[in-house]
Amino acid sequence: MSKSNIIRQQIWSKLKDVAKPDTRFDKNFAEVIPDFEGSEIATNRILEMKACRDAEFLFITPDNCLVDLRRQLIEMGKPFFMSTYGIYRGFLYIEPGSVPKGHELYAAWLDGMEHFGVPISLEDVARRGKIDFLVTGASAVSVDGVRFGKGHGFFDLEWGMFTDLGLVGEETPVVAAVHDCQVVQEKLHPSPTDILVDYIATPGGLHKVERRAKRPRGVIWDLLDPKQIDQTPPLQELRVMQGLAPSA
């Protein structure tokens with residue numbers, strides 16, 4: 001078993017005590033990054049950040065622990081987009097003012113995002129310019145910013161697409177929202193595809209990371225299974241944009 005999987009298993013055993021069950025996957029952490037006790041406190045720490053307050057276009061992952069963040073961004077009228085489950089249907093965008101007052105919480109849930117969000121292509125994202133702020137959940141994150149997801153690599157892949165289009169870079173703030181028990185105290189060596197975060201927001205505090213390495217850039221096509229490309233519309237779109245595949 002790889003070190004990352006060992007860390008996941010160690011953290012997941014602690015997470016069971018503070019995680020909130022998912023309606024579909026319960027506490028199967030290999031399939032869902034769960035909400036947890038105190039996630040609203042972690043959310044408020046993120047919203048108090050100047051980089052978040054100033055952001056004009058944000059990317060928020062579909063993790064359960066970020067429901068309250070998505071709700072508050074909707075209430076604030078902040079434009080953001082989110083990936084669908086497994087990126088199988090690309091990305092959804094919440095237009096400011098598109099959610100009727102009183103429906104913000106429903107709109108922040110995944111089913112609500114499907115109802116109120118509109119599909120947004122990579123080309124449409126690129127037209128908006130830079131992504132100012134990214135927030136992700138995690139299975140675990142080390143004190144030096146190495147983030148572990150469920151093991152499927154979705155956030156790494158999204159980051160690769162965004163860097164290929166010049167929408168994010170070394171200076172783009174990336175925040176991981178986790179419970180304190182998900183923070184790994186030892187320093188870890190990132191793999192070539194691991195995203196390094198700048199901040200770790202927990203119920204216990206906001207930790208600024210001193211990054212020791214550069215973030216990865218670009219989609220590494222050779223690492224992808226052709227089936228994954230076939231099942232991920234934004235990857236197909238990126239291949240066309242890069243001239244690697246003919247347009248439909």
# chains A, B, ... in the order shown; residues from 1 in each chain; ligands from 1
call {"tool": "residues_around", "arguments": {"residues": "stretch 117-126 of chain A", "least_positions_apart": "6", "cutoff": "10 Å", "atoms": "only C-alpha atoms", "output": "MDAnalysis selection string"}}
result
chainID A and resid 57 80:84 89:95 98:99 107:108 110:111 161:162 165:167 233:235 237:238 241
call {"tool": "closest_atom_pairs", "arguments": {"of": "stretch 152-226 of chain A", "to": "stretch 10-33 of chain A", "cutoff": "12 Å", "atoms": "only C-alpha atoms", "output": "tab-separated table"}}
result
residue	atom	partner	partner_atom	distance
A:His152	CA	A:Ala30	CA	8.8
A:Gly153	CA	A:Ala30	CA	11.8
A:Phe154	CA	A:Glu31	CA	11.9
A:Ala176	CA	A:Ile33	CA	11.8
A:Ala177	CA	A:Ile33	CA	10.5
A:Val178	CA	A:Ile33	CA	9.4
A:His179	CA	A:Leu15	CA	8.1
A:Asp180	CA	A:Leu15	CA	9.5
A:Cys181	CA	A:Lys14	CA	6.6
A:Gln182	CA	A:Ile11	CA	5.8
A:Val183	CA	A:Ile11	CA	8.4
A:Val184	CA	A:Ile11	CA	8.3
A:Gln185	CA	A:Ile11	CA	11.5
A:Pro203	CA	A:Val18	CA	11.6
call {"tool": "select_by_dssp", "arguments": {"residues": "stretch 62-120 of chain A", "states": "helix (DSSP H, G or I)", "output": "ChimeraX atom specification"}}
result
/A:64-76,85-87,104-108,110-116
call {"tool": "write_last_selection", "arguments": {"atoms": "N, CA and C atoms", "output": "PDB file, in the first residue's frame"}}
result
ATOM      1  N   ASN A  64     -19.017  17.669   0.220  1.00  0.00           N
ATOM      2  CA  ASN A  64     -20.093  17.938   1.177  1.00  0.00           C
ATOM      3  C   ASN A  64     -19.725  18.981   2.216  1.00  0.00           C
ATOM      4  N   CYS A  65     -18.447  19.042   2.592  1.00  0.00           N
ATOM      5  CA  CYS A  65     -18.017  19.992   3.619  1.00  0.00           C
ATOM      6  C   CYS A  65     -18.057  21.439   3.144  1.00  0.00           C
ATOM      7  N   LEU A  66     -18.334  21.662   1.857  1.00  0.00           N
ATOM      8  CA  LEU A  66     -18.350  23.014   1.306  1.00  0.00           C
ATOM      9  C   LEU A  66     -19.761  23.510   0.989  1.00  0.00           C
ATOM     10  N   VAL A  67     -20.782  22.791   1.465  1.00  0.00           N
ATOM     11  CA  VAL A  67     -22.167  23.224   1.229  1.00  0.00           C
ATOM     12  C   VAL A  67     -22.402  24.611   1.801  1.00  0.00           C
ATOM     13  N   ASP A  68     -21.983  24.836   3.036  1.00  0.00           N
ATOM     14  CA  ASP A  68     -22.234  26.139   3.657  1.00  0.00           C
ATOM     15  C   ASP A  68     -21.460  27.243   2.955  1.00  0.00           C
ATOM     16  N   LEU A  69     -20.271  26.937   2.454  1.00  0.00           N
ATOM     17  CA  LEU A  69     -19.512  27.927   1.685  1.00  0.00           C
ATOM     18  C   LEU A  69     -20.257  28.289   0.413  1.00  0.00           C
ATOM     19  N   ARG A  70     -20.739  27.269  -0.308  1.00  0.00           N
ATOM     20  CA  ARG A  70     -21.485  27.555  -1.538  1.00  0.00           C
ATOM     21  C   ARG A  70     -22.744  28.364  -1.220  1.00  0.00           C
ATOM     22  N   ARG A  71     -23.431  28.015  -0.119  1.00  0.00           N
ATOM     23  CA  ARG A  71     -24.631  28.764   0.277  1.00  0.00           C
ATOM     24  C   ARG A  71     -24.312  30.239   0.495  1.00  0.00           C
ATOM     25  N   GLN A  72     -23.261  30.505   1.245  1.00  0.00           N
ATOM     26  CA  GLN A  72     -22.945  31.898   1.561  1.00  0.00           C
ATOM     27  C   GLN A  72     -22.454  32.665   0.335  1.00  0.00           C
ATOM     28  N   LEU A  73     -21.732  31.995  -0.553  1.00  0.00           N
ATOM     29  CA  LEU A  73     -21.307  32.663  -1.790  1.00  0.00           C
ATOM     30  C   LEU A  73     -22.515  33.042  -2.643  1.00  0.00           C
ATOM     31  N   ILE A  74     -23.519  32.157  -2.662  1.00  0.00           N
ATOM     32  CA  ILE A  74     -24.754  32.465  -3.401  1.00  0.00           C
ATOM     33  C   ILE A  74     -25.433  33.681  -2.783  1.00  0.00           C
ATOM     34  N   GLU A  75     -25.521  33.718  -1.448  1.00  0.00           N
ATOM     35  CA  GLU A  75     -26.140  34.852  -0.764  1.00  0.00           C
ATOM     36  C   GLU A  75     -25.372  36.149  -1.020  1.00  0.00           C
ATOM     37  N   MET A  76     -24.045  36.055  -1.155  1.00  0.00           N
ATOM     38  CA  MET A  76     -23.204  37.234  -1.387  1.00  0.00           C
ATOM     39  C   MET A  76     -23.220  37.678  -2.851  1.00  0.00           C
ATOM     40  N   TYR A  85     -20.208  15.473 -10.319  1.00  0.00           N
ATOM     41  CA  TYR A  85     -19.630  14.261  -9.732  1.00  0.00           C
ATOM     42  C   TYR A  85     -18.769  13.533 -10.767  1.00  0.00           C
ATOM     43  N   GLY A  86     -17.496  13.315 -10.415  1.00  0.00           N
ATOM     44  CA  GLY A  86     -16.589  12.612 -11.309  1.00  0.00           C
ATOM     45  C   GLY A  86     -16.231  13.385 -12.569  1.00  0.00           C
ATOM     46  N   ILE A  87     -16.652  14.647 -12.660  1.00  0.00           N
ATOM     47  CA  ILE A  87     -16.494  15.512 -13.852  1.00  0.00           C
ATOM     48  C   ILE A  87     -17.166  14.881 -15.068  1.00  0.00           C
ATOM     49  N   GLU A 104     -31.204  29.401  -1.157  1.00  0.00           N
ATOM     50  CA  GLU A 104     -29.745  29.333  -1.236  1.00  0.00           C
ATOM     51  C   GLU A 104     -29.180  28.009  -0.726  1.00  0.00           C
ATOM     52  N   LEU A 105     -29.728  27.502   0.371  1.00  0.00           N
ATOM     53  CA  LEU A 105     -29.206  26.258   0.922  1.00  0.00           C
ATOM     54  C   LEU A 105     -29.465  25.097  -0.035  1.00  0.00           C
ATOM     55  N   TYR A 106     -30.674  25.022  -0.571  1.00  0.00           N
ATOM     56  CA  TYR A 106     -30.975  23.959  -1.533  1.00  0.00           C
ATOM     57  C   TYR A 106     -30.055  24.063  -2.747  1.00  0.00           C
ATOM     58  N   ALA A 107     -29.829  25.294  -3.216  1.00  0.00           N
ATOM     59  CA  ALA A 107     -28.980  25.489  -4.396  1.00  0.00           C
ATOM     60  C   ALA A 107     -27.540  25.070  -4.129  1.00  0.00           C
ATOM     61  N   ALA A 108     -27.120  25.121  -2.855  1.00  0.00           N
ATOM     62  CA  ALA A 108     -25.737  24.770  -2.506  1.00  0.00           C
ATOM     63  C   ALA A 108     -25.514  23.269  -2.449  1.00  0.00           C
ATOM     64  N   LEU A 110     -25.755  19.370  -3.893  1.00  0.00           N
ATOM     65  CA  LEU A 110     -25.449  18.897  -5.243  1.00  0.00           C
ATOM     66  C   LEU A 110     -26.695  18.834  -6.109  1.00  0.00           C
ATOM     67  N   ASP A 111     -27.812  18.349  -5.547  1.00  0.00           N
ATOM     68  CA  ASP A 111     -29.046  18.296  -6.336  1.00  0.00           C
ATOM     69  C   ASP A 111     -29.520  19.705  -6.693  1.00  0.00           C
ATOM     70  N   GLY A 112     -29.330  20.637  -5.777  1.00  0.00           N
ATOM     71  CA  GLY A 112     -29.721  22.020  -6.041  1.00  0.00           C
ATOM     72  C   GLY A 112     -28.843  22.668  -7.088  1.00  0.00           C
ATOM     73  N   MET A 113     -27.560  22.335  -7.071  1.00  0.00           N
ATOM     74  CA  MET A 113     -26.660  22.861  -8.111  1.00  0.00           C
ATOM     75  C   MET A 113     -27.108  22.373  -9.478  1.00  0.00           C
ATOM     76  N   GLU A 114     -27.587  21.124  -9.523  1.00  0.00           N
ATOM     77  CA  GLU A 114     -28.084  20.590 -10.794  1.00  0.00           C
ATOM     78  C   GLU A 114     -29.313  21.374 -11.269  1.00  0.00           C
ATOM     79  N   HIS A 115     -30.107  21.857 -10.306  1.00  0.00           N
ATOM     80  CA  HIS A 115     -31.334  22.580 -10.643  1.00  0.00           C
ATOM     81  C   HIS A 115     -31.053  24.028 -11.039  1.00  0.00           C
ATOM     82  N   PHE A 116     -30.231  24.722 -10.236  1.00  0.00           N
ATOM     83  CA  PHE A 116     -30.007  26.151 -10.461  1.00  0.00           C
ATOM     84  C   PHE A 116     -28.758  26.465 -11.277  1.00  0.00           C
TER      85      PHE A 116
END
call {"tool": "residues_around", "arguments": {"residues": "A:Leu196", "least_positions_apart": "3", "cutoff": "9 Å", "atoms": "only C-alpha atoms", "output": "list of chain:residue names"}}
result
A:Asp144, A:Gly145, A:Val146, A:Arg147, A:Val174, A:Pro190, A:Val209, A:Arg211, A:Ala213, A:Lys214, A:Arg215, A:Pro216
call {"tool": "write_last_selection", "arguments": {"atoms": "N, CA and C atoms", "output": "CSV table (one decimal), in the first residue's frame"}}
result
chain,number,residue,atom,x,y,z
A,144,ASP,N,2.5,20.9,5.4
A,144,ASP,CA,3.2,21.7,4.4
A,144,ASP,C,2.4,21.7,3.0
A,145,GLY,N,1.1,21.4,3.1
A,145,GLY,CA,0.2,21.7,2.0
A,145,GLY,C,0.0,20.6,1.0
A,146,VAL,N,0.5,19.4,1.2
A,146,VAL,CA,0.2,18.3,0.3
A,146,VAL,C,-1.2,17.7,0.6
A,147,ARG,N,-2.0,17.8,-0.5
A,147,ARG,CA,-3.4,17.5,-0.3
A,147,ARG,C,-3.7,16.1,-0.9
A,174,VAL,N,-5.2,28.7,-3.1
A,174,VAL,CA,-5.9,27.4,-3.0
A,174,VAL,C,-6.1,27.1,-1.5
A,190,PRO,N,5.5,15.8,-2.1
A,190,PRO,CA,4.4,15.7,-3.1
A,190,PRO,C,4.8,14.9,-4.3
A,209,VAL,N,0.3,27.9,4.8
A,209,VAL,CA,1.3,26.9,4.4
A,209,VAL,C,2.5,27.6,3.8
A,211,ARG,N,4.9,26.9,1.3
A,211,ARG,CA,5.1,25.9,0.3
A,211,ARG,C,6.6,25.7,-0.1
A,213,ALA,N,7.7,23.6,-2.7
A,213,ALA,CA,7.8,23.2,-4.1
A,213,ALA,C,6.8,23.8,-5.0
A,214,LYS,N,7.0,23.8,-6.3
A,214,LYS,CA,6.1,24.4,-7.2
A,214,LYS,C,5.0,23.4,-7.5
A,215,ARG,N,3.8,24.0,-7.9
A,215,ARG,CA,2.7,23.1,-8.2
A,215,ARG,C,2.9,22.5,-9.6
A,216,PRO,N,2.2,21.4,-9.8
A,216,PRO,CA,2.3,20.8,-11.2
A,216,PRO,C,1.5,21.7,-12.2
call {"tool": "select_by_dssp", "arguments": {"residues": "stretch 15-169 of chain A", "states": "strand (DSSP E or B)", "output": "ChimeraX atom specification"}}
result
/A:19-20,22,26,35-36,58-60,80-83,91-94,118-120,133-136,140-142,146-148
call {"tool": "write_last_selection", "arguments": {"atoms": "N, CA, C and O atoms", "output": "tab-separated table (two decimals), in the first residue's frame"}}
result
chain	number	residue	atom	x	y	z
A	19	ALA	N	-17.47	12.86	11.10
A	19	ALA	CA	-18.07	13.02	9.78
A	19	ALA	C	-19.59	12.93	9.85
A	19	ALA	O	-20.15	12.19	10.66
A	20	LYS	N	-20.25	13.67	8.96
A	20	LYS	CA	-21.70	13.58	8.80
A	20	LYS	C	-21.98	12.63	7.63
A	20	LYS	O	-21.36	12.76	6.57
A	22	ASP	N	-23.24	10.82	4.34
A	22	ASP	CA	-23.73	11.26	3.04
A	22	ASP	C	-25.01	10.50	2.71
A	22	ASP	O	-25.17	9.33	3.10
A	26	ASP	N	-23.11	7.25	2.65
A	26	ASP	CA	-22.95	7.15	4.10
A	26	ASP	C	-21.54	7.62	4.48
A	26	ASP	O	-21.20	8.76	4.22
A	35	ASP	N	-19.08	16.03	4.87
A	35	ASP	CA	-19.20	17.17	5.76
A	35	ASP	C	-18.76	16.70	7.14
A	35	ASP	O	-18.68	15.50	7.41
A	36	PHE	N	-18.45	17.64	8.01
A	36	PHE	CA	-17.96	17.26	9.34
A	36	PHE	C	-18.41	18.28	10.37
A	36	PHE	O	-18.83	19.41	10.03
A	58	LEU	N	-14.72	32.23	-8.69
A	58	LEU	CA	-14.18	31.20	-7.82
A	58	LEU	C	-14.51	29.80	-8.34
A	58	LEU	O	-15.52	29.61	-9.02
A	59	PHE	N	-13.66	28.85	-7.98
A	59	PHE	CA	-13.93	27.43	-8.24
A	59	PHE	C	-14.05	26.73	-6.90
A	59	PHE	O	-13.15	26.79	-6.07
A	60	ILE	N	-15.20	26.07	-6.68
A	60	ILE	CA	-15.47	25.36	-5.44
A	60	ILE	C	-15.75	23.90	-5.79
A	60	ILE	O	-16.60	23.62	-6.65
A	80	PHE	N	-19.42	31.65	-9.03
A	80	PHE	CA	-18.50	30.53	-8.88
A	80	PHE	C	-18.98	29.38	-9.75
A	80	PHE	O	-20.12	29.32	-10.18
A	81	PHE	N	-18.05	28.43	-10.00
A	81	PHE	CA	-18.45	27.22	-10.71
A	81	PHE	C	-17.90	26.02	-9.98
A	81	PHE	O	-17.02	26.12	-9.11
A	82	MET	N	-18.45	24.86	-10.29
A	82	MET	CA	-18.18	23.63	-9.56
A	82	MET	C	-18.19	22.47	-10.54
A	82	MET	O	-18.93	22.49	-11.52
A	83	SER	N	-17.37	21.47	-10.29
A	83	SER	CA	-17.41	20.27	-11.14
A	83	SER	C	-18.59	19.39	-10.73
A	83	SER	O	-19.01	19.39	-9.58
A	91	PHE	N	-18.80	21.02	-15.84
A	91	PHE	CA	-18.89	22.00	-14.76
A	91	PHE	C	-20.24	22.70	-14.78
A	91	PHE	O	-20.88	22.84	-15.82
A	92	LEU	N	-20.65	23.16	-13.58
A	92	LEU	CA	-21.88	23.93	-13.43
A	92	LEU	C	-21.53	25.30	-12.86
A	92	LEU	O	-20.68	25.42	-11.97
A	93	TYR	N	-22.22	26.32	-13.37
A	93	TYR	CA	-21.96	27.71	-12.98
A	93	TYR	C	-23.20	28.30	-12.32
A	93	TYR	O	-24.32	28.10	-12.80
A	94	ILE	N	-22.97	28.99	-11.21
A	94	ILE	CA	-24.07	29.70	-10.55
A	94	ILE	C	-23.96	31.19	-10.87
A	94	ILE	O	-23.01	31.86	-10.46
A	118	VAL	N	-25.96	26.24	-14.30
A	118	VAL	CA	-26.02	26.05	-15.75
A	118	VAL	C	-24.68	25.47	-16.22
A	118	VAL	O	-23.63	25.82	-15.68
A	119	PRO	N	-24.71	24.57	-17.20
A	119	PRO	CA	-23.44	24.01	-17.69
A	119	PRO	C	-22.54	25.13	-18.22
A	119	PRO	O	-22.99	26.07	-18.87
A	120	ILE	N	-21.27	25.01	-17.92
A	120	ILE	CA	-20.29	25.98	-18.42
A	120	ILE	C	-19.11	25.20	-19.00
A	120	ILE	O	-18.57	24.31	-18.35
A	133	PHE	N	-9.78	32.28	-6.98
A	133	PHE	CA	-9.75	31.63	-5.67
A	133	PHE	C	-10.32	30.23	-5.81
A	133	PHE	O	-11.36	30.05	-6.46
A	134	LEU	N	-9.66	29.23	-5.25
A	134	LEU	CA	-10.13	27.85	-5.32
A	134	LEU	C	-10.23	27.28	-3.91
A	134	LEU	O	-9.34	27.49	-3.08
A	135	VAL	N	-11.31	26.55	-3.66
A	135	VAL	CA	-11.50	25.88	-2.37
A	135	VAL	C	-11.85	24.43	-2.64
A	135	VAL	O	-12.70	24.12	-3.48
A	136	THR	N	-11.20	23.54	-1.90
A	136	THR	CA	-11.43	22.11	-2.06
A	136	THR	C	-11.52	21.44	-0.70
A	136	THR	O	-10.93	21.89	0.27
A	140	ALA	N	-7.21	14.21	3.38
A	140	ALA	CA	-6.18	14.61	4.33
A	140	ALA	C	-5.33	15.69	3.67
A	140	ALA	O	-5.27	15.80	2.45
A	141	VAL	N	-4.69	16.49	4.50
A	141	VAL	CA	-3.75	17.50	3.99
A	141	VAL	C	-2.63	17.64	5.01
A	141	VAL	O	-2.88	17.66	6.22
A	142	SER	N	-1.40	17.69	4.52
A	142	SER	CA	-0.27	17.79	5.43
A	142	SER	C	-0.02	19.25	5.80
A	142	SER	O	-0.46	20.17	5.11
A	146	VAL	N	0.47	19.38	1.24
A	146	VAL	CA	0.22	18.27	0.31
A	146	VAL	C	-1.19	17.75	0.56
A	146	VAL	O	-1.51	17.29	1.65
A	147	ARG	N	-2.03	17.83	-0.48
A	147	ARG	CA	-3.44	17.46	-0.34
A	147	ARG	C	-3.69	16.06	-0.91
A	147	ARG	O	-3.18	15.71	-1.97
A	148	PHE	N	-4.49	15.28	-0.18
A	148	PHE	CA	-4.93	13.98	-0.67
A	148	PHE	C	-6.44	14.01	-0.83
A	148	PHE	O	-7.15	14.40	0.10
call {"tool": "atom_distance", "arguments": {"atom1": "atom CA of A:Val197", "atom2": "atom CA of A:Lys227"}}
result
28.9 Å
